[in-house]
>>> print(open('my_file.cif').read())   # mmCIF, C-alpha atoms
data_input
#
loop_
_atom_site.group_PDB
_atom_site.id
_atom_site.type_symbol
_atom_site.label_atom_id
_atom_site.label_comp_id
_atom_site.auth_asym_id
_atom_site.auth_seq_id
_atom_site.Cartn_x
_atom_site.Cartn_y
_atom_site.Cartn_z
ATOM 1 C CA MET A 1 -40.234 33.889 36.413
ATOM 2 C CA PRO A 2 -37.984 36.816 35.540
ATOM 3 C CA PRO A 3 -34.930 37.221 37.729
ATOM 4 C CA LYS A 4 -35.190 39.450 40.771
ATOM 5 C CA PHE A 5 -32.879 42.415 40.459
ATOM 6 C CA LYS A 6 -30.481 43.334 43.202
ATOM 7 C CA PHE A 7 -31.063 47.073 42.700
ATOM 8 C CA THR A 8 -34.188 49.172 42.513
ATOM 9 C CA LYS A 9 -34.787 51.903 39.983
ATOM 10 C CA ALA A 10 -34.433 54.460 42.790
ATOM 11 C CA GLU A 11 -31.052 53.039 43.846
ATOM 12 C CA ILE A 12 -29.766 53.192 40.294
ATOM 13 C CA LEU A 13 -31.010 56.754 39.892
ATOM 14 C CA ASP A 14 -29.547 57.815 43.247
ATOM 15 C CA THR A 15 -26.153 56.343 42.352
ATOM 16 C CA ALA A 16 -26.163 57.977 38.919
ATOM 17 C CA PHE A 17 -27.233 61.280 40.466
ATOM 18 C CA LYS A 18 -24.382 61.084 42.965
ATOM 19 C CA LEU A 19 -21.866 60.567 40.157
ATOM 20 C CA VAL A 20 -23.142 63.602 38.244
ATOM 21 C CA ARG A 21 -23.473 65.678 41.400
ATOM 22 C CA GLU A 22 -19.841 65.054 42.312
ATOM 23 C CA LYS A 23 -18.149 65.231 38.903
ATOM 24 C CA GLY A 24 -20.655 66.184 36.202
ATOM 25 C CA TRP A 25 -21.806 64.195 33.205
ATOM 26 C CA VAL A 26 -18.271 63.112 32.405
ATOM 27 C CA ALA A 27 -18.463 60.774 35.407
ATOM 28 C CA LEU A 28 -21.574 58.998 34.144
ATOM 29 C CA SER A 29 -21.349 56.067 31.789
ATOM 30 C CA THR A 30 -22.871 52.645 31.777
ATOM 31 C CA ARG A 31 -19.570 51.242 32.987
ATOM 32 C CA SER A 32 -18.996 53.824 35.748
ATOM 33 C CA LEU A 33 -22.549 53.393 37.000
ATOM 34 C CA ALA A 34 -22.308 49.596 36.965
ATOM 35 C CA ASN A 35 -18.983 49.832 38.834
ATOM 36 C CA ALA A 36 -20.468 52.181 41.433
ATOM 37 C CA LEU A 37 -23.340 49.739 41.909
ATOM 38 C CA GLY A 38 -21.020 46.746 42.005
ATOM 39 C CA SER A 39 -23.017 45.206 39.204
ATOM 40 C CA SER A 40 -23.224 44.640 35.494
ATOM 41 C CA ALA A 41 -25.102 47.017 33.211
ATOM 42 C CA ARG A 42 -28.113 44.715 33.097
ATOM 43 C CA PRO A 43 -29.997 46.239 36.063
ATOM 44 C CA ILE A 44 -29.569 49.716 34.553
ATOM 45 C CA TYR A 45 -31.190 48.716 31.289
ATOM 46 C CA SER A 46 -33.881 46.782 33.092
ATOM 47 C CA TYR A 47 -35.251 50.069 34.418
ATOM 48 C CA PHE A 48 -34.083 52.603 31.830
ATOM 49 C CA ASN A 49 -34.336 52.123 28.080
ATOM 50 C CA SER A 50 -31.239 54.235 27.502
ATOM 51 C CA MET A 51 -28.688 56.397 29.265
ATOM 52 C CA ASP A 52 -30.515 59.413 27.811
ATOM 53 C CA GLU A 53 -33.665 58.366 29.667
ATOM 54 C CA LEU A 54 -31.641 58.060 32.867
ATOM 55 C CA GLU A 55 -30.120 61.503 32.284
ATOM 56 C CA VAL A 56 -33.581 63.067 32.031
ATOM 57 C CA GLU A 57 -34.431 61.525 35.409
ATOM 58 C CA ILE A 58 -31.190 62.923 36.846
ATOM 59 C CA VAL A 59 -32.165 66.401 35.638
ATOM 60 C CA LYS A 60 -35.588 66.010 37.298
ATOM 61 C CA LYS A 61 -33.884 65.011 40.538
ATOM 62 C CA GLY A 62 -31.551 67.991 40.249
ATOM 63 C CA VAL A 63 -34.481 70.359 39.731
ATOM 64 C CA ASP A 64 -36.178 68.880 42.807
ATOM 65 C CA LEU A 65 -33.034 69.628 44.813
ATOM 66 C CA LEU A 66 -32.957 73.160 43.379
ATOM 67 C CA TYR A 67 -36.572 73.671 44.461
ATOM 68 C CA GLY A 68 -35.588 72.763 48.009
ATOM 69 C CA TYR A 69 -32.861 75.388 47.946
ATOM 70 C CA MET A 70 -35.207 78.024 46.536
ATOM 71 C CA THR A 71 -37.939 77.442 49.111
ATOM 72 C CA GLN A 72 -35.633 77.447 52.123
ATOM 73 C CA GLU A 73 -36.119 80.496 54.323
ATOM 74 C CA ARG A 74 -32.898 82.455 54.535
ATOM 75 C CA ILE A 75 -33.748 86.093 55.261
ATOM 76 C CA GLY A 76 -37.523 85.884 55.723
ATOM 77 C CA ASP A 77 -38.538 87.552 52.454
ATOM 78 C CA PRO A 78 -39.802 84.818 50.111
ATOM 79 C CA TRP A 79 -38.911 86.585 46.856
ATOM 80 C CA HIS A 80 -35.367 87.284 47.994
ATOM 81 C CA ASP A 81 -35.138 83.777 49.449
ATOM 82 C CA HIS A 82 -36.047 82.283 46.046
ATOM 83 C CA GLY A 83 -33.233 84.158 44.291
ATOM 84 C CA ILE A 84 -30.700 83.544 47.036
ATOM 85 C CA GLY A 85 -31.623 79.863 47.038
ATOM 86 C CA TYR A 86 -31.007 79.621 43.286
ATOM 87 C CA VAL A 87 -27.527 81.097 43.679
ATOM 88 C CA MET A 88 -26.743 79.020 46.782
ATOM 89 C CA PHE A 89 -27.643 75.901 44.811
ATOM 90 C CA ALA A 90 -25.066 76.858 42.176
ATOM 91 C CA GLN A 91 -22.500 77.644 44.849
ATOM 92 C CA ASN A 92 -22.995 74.424 46.816
ATOM 93 C CA GLU A 93 -23.728 72.114 43.881
ATOM 94 C CA LYS A 94 -21.205 73.420 41.339
ATOM 95 C CA CYS A 95 -20.874 70.274 39.217
ATOM 96 C CA LEU A 96 -24.583 69.586 39.254
ATOM 97 C CA PHE A 97 -25.486 73.191 38.396
ATOM 98 C CA ARG A 98 -23.146 73.200 35.428
ATOM 99 C CA ALA A 99 -24.370 69.750 34.366
ATOM 100 C CA LEU A 100 -28.004 70.883 34.390
ATOM 101 C CA ASN A 101 -27.105 73.907 32.287
ATOM 102 C CA ASP A 102 -24.948 72.218 29.657
ATOM 103 C CA GLU A 103 -25.866 72.222 25.985
ATOM 104 C CA LYS A 104 -27.433 68.760 25.987
ATOM 105 C CA HIS A 105 -29.473 69.006 29.197
ATOM 106 C CA ILE A 106 -30.556 72.656 29.342
ATOM 107 C CA LYS A 107 -33.803 71.870 27.499
ATOM 108 C CA TYR A 108 -34.864 69.509 30.301
ATOM 109 C CA PHE A 109 -33.679 71.929 32.972
ATOM 110 C CA LYS A 110 -35.855 74.637 31.396
ATOM 111 C CA GLU A 111 -38.829 72.297 31.036
ATOM 112 C CA PHE A 112 -38.745 71.099 34.638
ATOM 113 C CA GLY A 113 -37.692 74.535 35.895
ATOM 114 C CA GLU A 114 -40.883 75.980 34.424
ATOM 115 C CA VAL A 115 -42.777 74.129 37.152
ATOM 116 C CA ILE A 116 -40.631 75.865 39.778
ATOM 117 C CA TRP A 117 -41.185 79.225 38.088
ATOM 118 C CA ASN A 118 -44.958 78.791 38.110
ATOM 119 C CA THR A 119 -45.112 77.396 41.639
ATOM 120 C CA LEU A 120 -42.934 80.109 43.152
ATOM 121 C CA THR A 121 -44.636 82.897 41.200
ATOM 122 C CA ASN A 122 -48.023 81.657 42.418
ATOM 123 C CA SER A 123 -46.692 81.539 45.977
ATOM 124 C CA LEU A 124 -46.066 85.279 45.728
ATOM 125 C CA SER A 125 -49.672 86.173 44.849
ATOM 126 C CA GLY A 126 -50.030 88.193 48.058
ATOM 127 C CA TYR A 127 -46.448 89.497 48.134
ATOM 128 C CA GLN A 128 -46.738 93.090 49.342
ATOM 129 C CA PRO A 129 -43.988 94.647 47.164
ATOM 130 C CA PHE A 130 -45.804 93.298 44.055
ATOM 131 C CA GLN A 131 -49.142 94.844 45.061
ATOM 132 C CA GLY A 132 -50.512 97.144 42.375
ATOM 133 C CA LEU A 133 -48.510 95.477 39.609
ATOM 134 C CA SER A 134 -50.210 93.678 36.752
ATOM 135 C CA GLU A 135 -49.357 90.052 35.944
ATOM 136 C CA GLU A 136 -47.343 91.285 32.975
ATOM 137 C CA GLU A 137 -45.386 93.706 35.146
ATOM 138 C CA ILE A 138 -44.701 91.013 37.745
ATOM 139 C CA TYR A 139 -43.481 88.739 34.951
ATOM 140 C CA LYS A 140 -41.065 91.447 33.767
ATOM 141 C CA VAL A 141 -39.736 91.939 37.288
ATOM 142 C CA GLN A 142 -39.361 88.189 37.764
ATOM 143 C CA ALA A 143 -37.660 87.697 34.384
ATOM 144 C CA LEU A 144 -35.091 90.433 34.956
ATOM 145 C CA ARG A 145 -34.409 89.222 38.473
ATOM 146 C CA TRP A 146 -33.949 85.681 37.115
ATOM 147 C CA LEU A 147 -31.269 87.030 34.763
ATOM 148 C CA LEU A 148 -29.484 88.540 37.759
ATOM 149 C CA ALA A 149 -29.766 85.297 39.733
ATOM 150 C CA HIS A 150 -28.725 83.109 36.819
ATOM 151 C CA GLY A 151 -25.708 85.274 35.992
ATOM 152 C CA LEU A 152 -24.627 85.332 39.618
ATOM 153 C CA ALA A 153 -25.198 81.581 39.850
ATOM 154 C CA PHE A 154 -22.748 81.008 36.984
ATOM 155 C CA GLN A 155 -20.238 83.263 38.705
ATOM 156 C CA VAL A 156 -20.407 81.387 42.000
ATOM 157 C CA SER A 157 -20.354 77.983 40.326
ATOM 158 C CA ASN A 158 -16.904 78.678 38.889
ATOM 159 C CA PRO A 159 -15.348 81.453 40.966
ATOM 160 C CA PRO A 160 -11.781 82.411 41.645
ATOM 161 C CA PRO A 161 -10.962 81.277 45.203
ATOM 162 C CA GLY A 162 -12.296 83.430 48.013
ATOM 163 C CA VAL A 163 -14.454 85.730 45.897
ATOM 164 C CA TRP A 164 -17.979 84.644 46.847
ATOM 165 C CA ASP A 165 -19.199 83.825 50.320
ATOM 166 C CA ASP A 166 -22.776 83.540 51.570
ATOM 167 C CA GLU A 167 -22.822 87.127 52.842
ATOM 168 C CA LYS A 168 -21.831 88.532 49.436
ATOM 169 C CA VAL A 169 -24.397 86.361 47.669
ATOM 170 C CA PHE A 170 -27.155 87.492 50.032
ATOM 171 C CA PHE A 171 -26.143 91.145 49.626
ATOM 172 C CA VAL A 172 -25.954 91.090 45.819
ATOM 173 C CA MET A 173 -29.240 89.227 45.436
ATOM 174 C CA GLN A 174 -31.106 91.492 47.868
ATOM 175 C CA GLN A 175 -29.691 94.743 46.489
ATOM 176 C CA GLY A 176 -29.983 93.667 42.864
ATOM 177 C CA SER A 177 -33.517 92.336 43.274
ATOM 178 C CA THR A 178 -34.653 95.491 45.055
ATOM 179 C CA ALA A 179 -33.046 97.704 42.403
ATOM 180 C CA ILE A 180 -34.794 95.766 39.623
ATOM 181 C CA LEU A 181 -38.175 95.933 41.354
ATOM 182 C CA GLU A 182 -37.958 99.611 42.279
ATOM 183 C CA GLY A 183 -36.526 100.605 38.893
ATOM 184 C CA LEU A 184 -39.257 98.832 36.977
ATOM 185 C CA LYS A 185 -41.965 100.210 39.262
ATOM 186 C CA LEU A 186 -40.827 103.700 38.242
ATOM 187 C CA GLN A 187 -41.117 102.730 34.580
ATOM 188 C CA PHE A 188 -44.561 101.184 35.097
ATOM 189 C CA ASP A 189 -45.984 104.378 36.643
#
>>> encode(input="my_file.cif", output="structure tokens")
Amino acid sequence: MPPKFKFTKAEILDTAFKLVREKGWVALSTRSLANALGSSARPIYSYFNSMDELEVEIVKKGVDLLYGYMTQERIGDPWHDHGIGYVMFAQNEKCLFRALNDEKHIKYFKEFGEVIWNTLTNSLSGYQPFQGLSEEEIYKVQALRWLLAHGLAFQVSNPPPGVWDDEKVFFVMQQGSTAILEGLKLQFD
């Protein structure tokens, strides 16, 4: 009979995720993870073929957390709430946000983020401010607003002290999103 492992795959992933969440990828190595688990590296490689495979799972877990932020009601307007949630994720999860967007992991973040994009876009099918817009026009509005949110998210994930608070984030996302939507509507007419 094979030996029974002390740790589950979920426990290993949760511990690895915590390391990255707190300090970024620099905190994650086979040794640091084994130390955090109080174990050898053997349980890690019993569930994951490589550290790269584990990192992909960490990105998935990070995207799941991001989805929770983006679907949380903040001001009662789902489109604004999605954008605000994206920026609040970057503000509250600075190390994780930067880790998900680094050169090595961005491809996975984009891949898994595409599911969020599609899910949230579909959730806005009856969104009143989008009424009368074609799918292509809605895509343009969403894409430009994502650029606003993503740029702001990078700002809040590495700000000078005291620059960004929740109120400023909410204001910039609401005003910027509205300006993008109204400006593009004028162009579409």
>>> closest_residue(input="my_file.cif", among="A:Met70, A:Ile138, A:Ala143, A:Val59", to="Phe109 (chain A)", atoms="all atoms listed in the file")
A:Val59
>>> residues_around(input="my_file.cif", residues="Glu137 (chain A)", least_positions_apart="5", cutoff="12 Å", atoms="only C-alpha atoms", output="ChimeraX atom specification")
/A:130-132,142-144,180-189
>>> resolve_selection(input="my_file.cif", expression="the PyMOL selection byres ((chain A and resi 62) around 10)", output="MDAnalysis selection string")
chainID A and resid 17 20:21 56:61 63:68 89 93 96:97 99:100 109 112:113
>>> atom_distance(input="my_file.cif", atom1="CA of Thr178 (chain A)", atom2="CA of Ile116 (chain A)")
21.2 Å
>>> resolve_selection(input="my_file.cif", expression="the PyMOL selection byres ((chain A and resi 169) around 12)", output="PyMOL selection string")
chain A and resi 74+80-81+83-91+148-149+151-153+155-157+163-168+170-177
>>> resolve_selection(input="my_file.cif", expression="the PyMOL selection byres ((chain A and resi 46) around 12)", output="PyMOL selection string")
chain A and resi 2-9+12+40-45+47-51+54
>>> atom_distance(input="my_file.cif", atom1="CA of Ser32 (chain A)", atom2="CA of Phe154 (chain A)")
27.5 Å
>>> closest_residue(input="my_file.cif", among="A:Lys23, A:Lys110, A:Lys104, A:Arg98", to="Asn158 (chain A)", atoms="only C-alpha atoms")
A:Arg98
>>> closest_residue(input="my_file.cif", among="A:Trp25, A:Gln128, A:Asn118, A:Trp79", to="Asp102 (chain A)", atoms="all atoms listed in the file")
A:Trp25
>>> axis_aligned_box(input="my_file.cif", around="region 153-167 of chain A", padding_each_side="3 Å", output="AutoDock Vina command-line options")
--center_x -18.1 --center_y 82.6 --center_z 44.9 --size_x 20.2 --size_y 15.1 --size_z 21.9
>>> atom_distance(input="my_file.cif", atom1="CA of Pro129 (chain A)", atom2="CA of Leu147 (chain A)")
19.3 Å
>>> closest_residue(input="my_file.cif", among="A:Glu53, A:Ser123, A:Asn92, A:Glu111", to="Glu22 (chain A)", atoms="all atoms listed in the file")
A:Asn92
>>> closest_residue(input="my_file.cif", among="A:Ser125, A:Glu55, A:Thr15, A:Ala10", to="Gly38 (chain A)", atoms="all atoms listed in the file")
A:Thr15
>>> closest_atom_pairs(input="my_file.cif", of="region 104-154 of chain A", to="region 75-78 of chain A", cutoff="9 Å", atoms="only C-alpha atoms", output="JSON lines")
{"residue": "A:Leu120", "atom": "CA", "partner": "A:Pro78", "partner_atom": "CA", "distance": 9.0}
{"residue": "A:Ser123", "atom": "CA", "partner": "A:Pro78", "partner_atom": "CA", "distance": 8.7}
{"residue": "A:Leu124", "atom": "CA", "partner": "A:Pro78", "partner_atom": "CA", "distance": 7.7}
{"residue": "A:Tyr127", "atom": "CA", "partner": "A:Pro78", "partner_atom": "CA", "distance": 8.4}
>>> write_last_selection(input="my_file.cif", atoms="C-alpha atoms", output="mmCIF file, in the coordinates of the input")
data_model
loop_
_atom_site.group_PDB
_atom_site.id
_atom_site.type_symbol
_atom_site.label_atom_id
_atom_site.label_comp_id
_atom_site.auth_asym_id
_atom_site.auth_seq_id
_atom_site.Cartn_x
_atom_site.Cartn_y
_atom_site.Cartn_z
ATOM 1 C CA LEU A 120 -42.934 80.109 43.152
ATOM 2 C CA SER A 123 -46.692 81.539 45.977
ATOM 3 C CA LEU A 124 -46.066 85.279 45.728
ATOM 4 C CA TYR A 127 -46.448 89.497 48.134
#
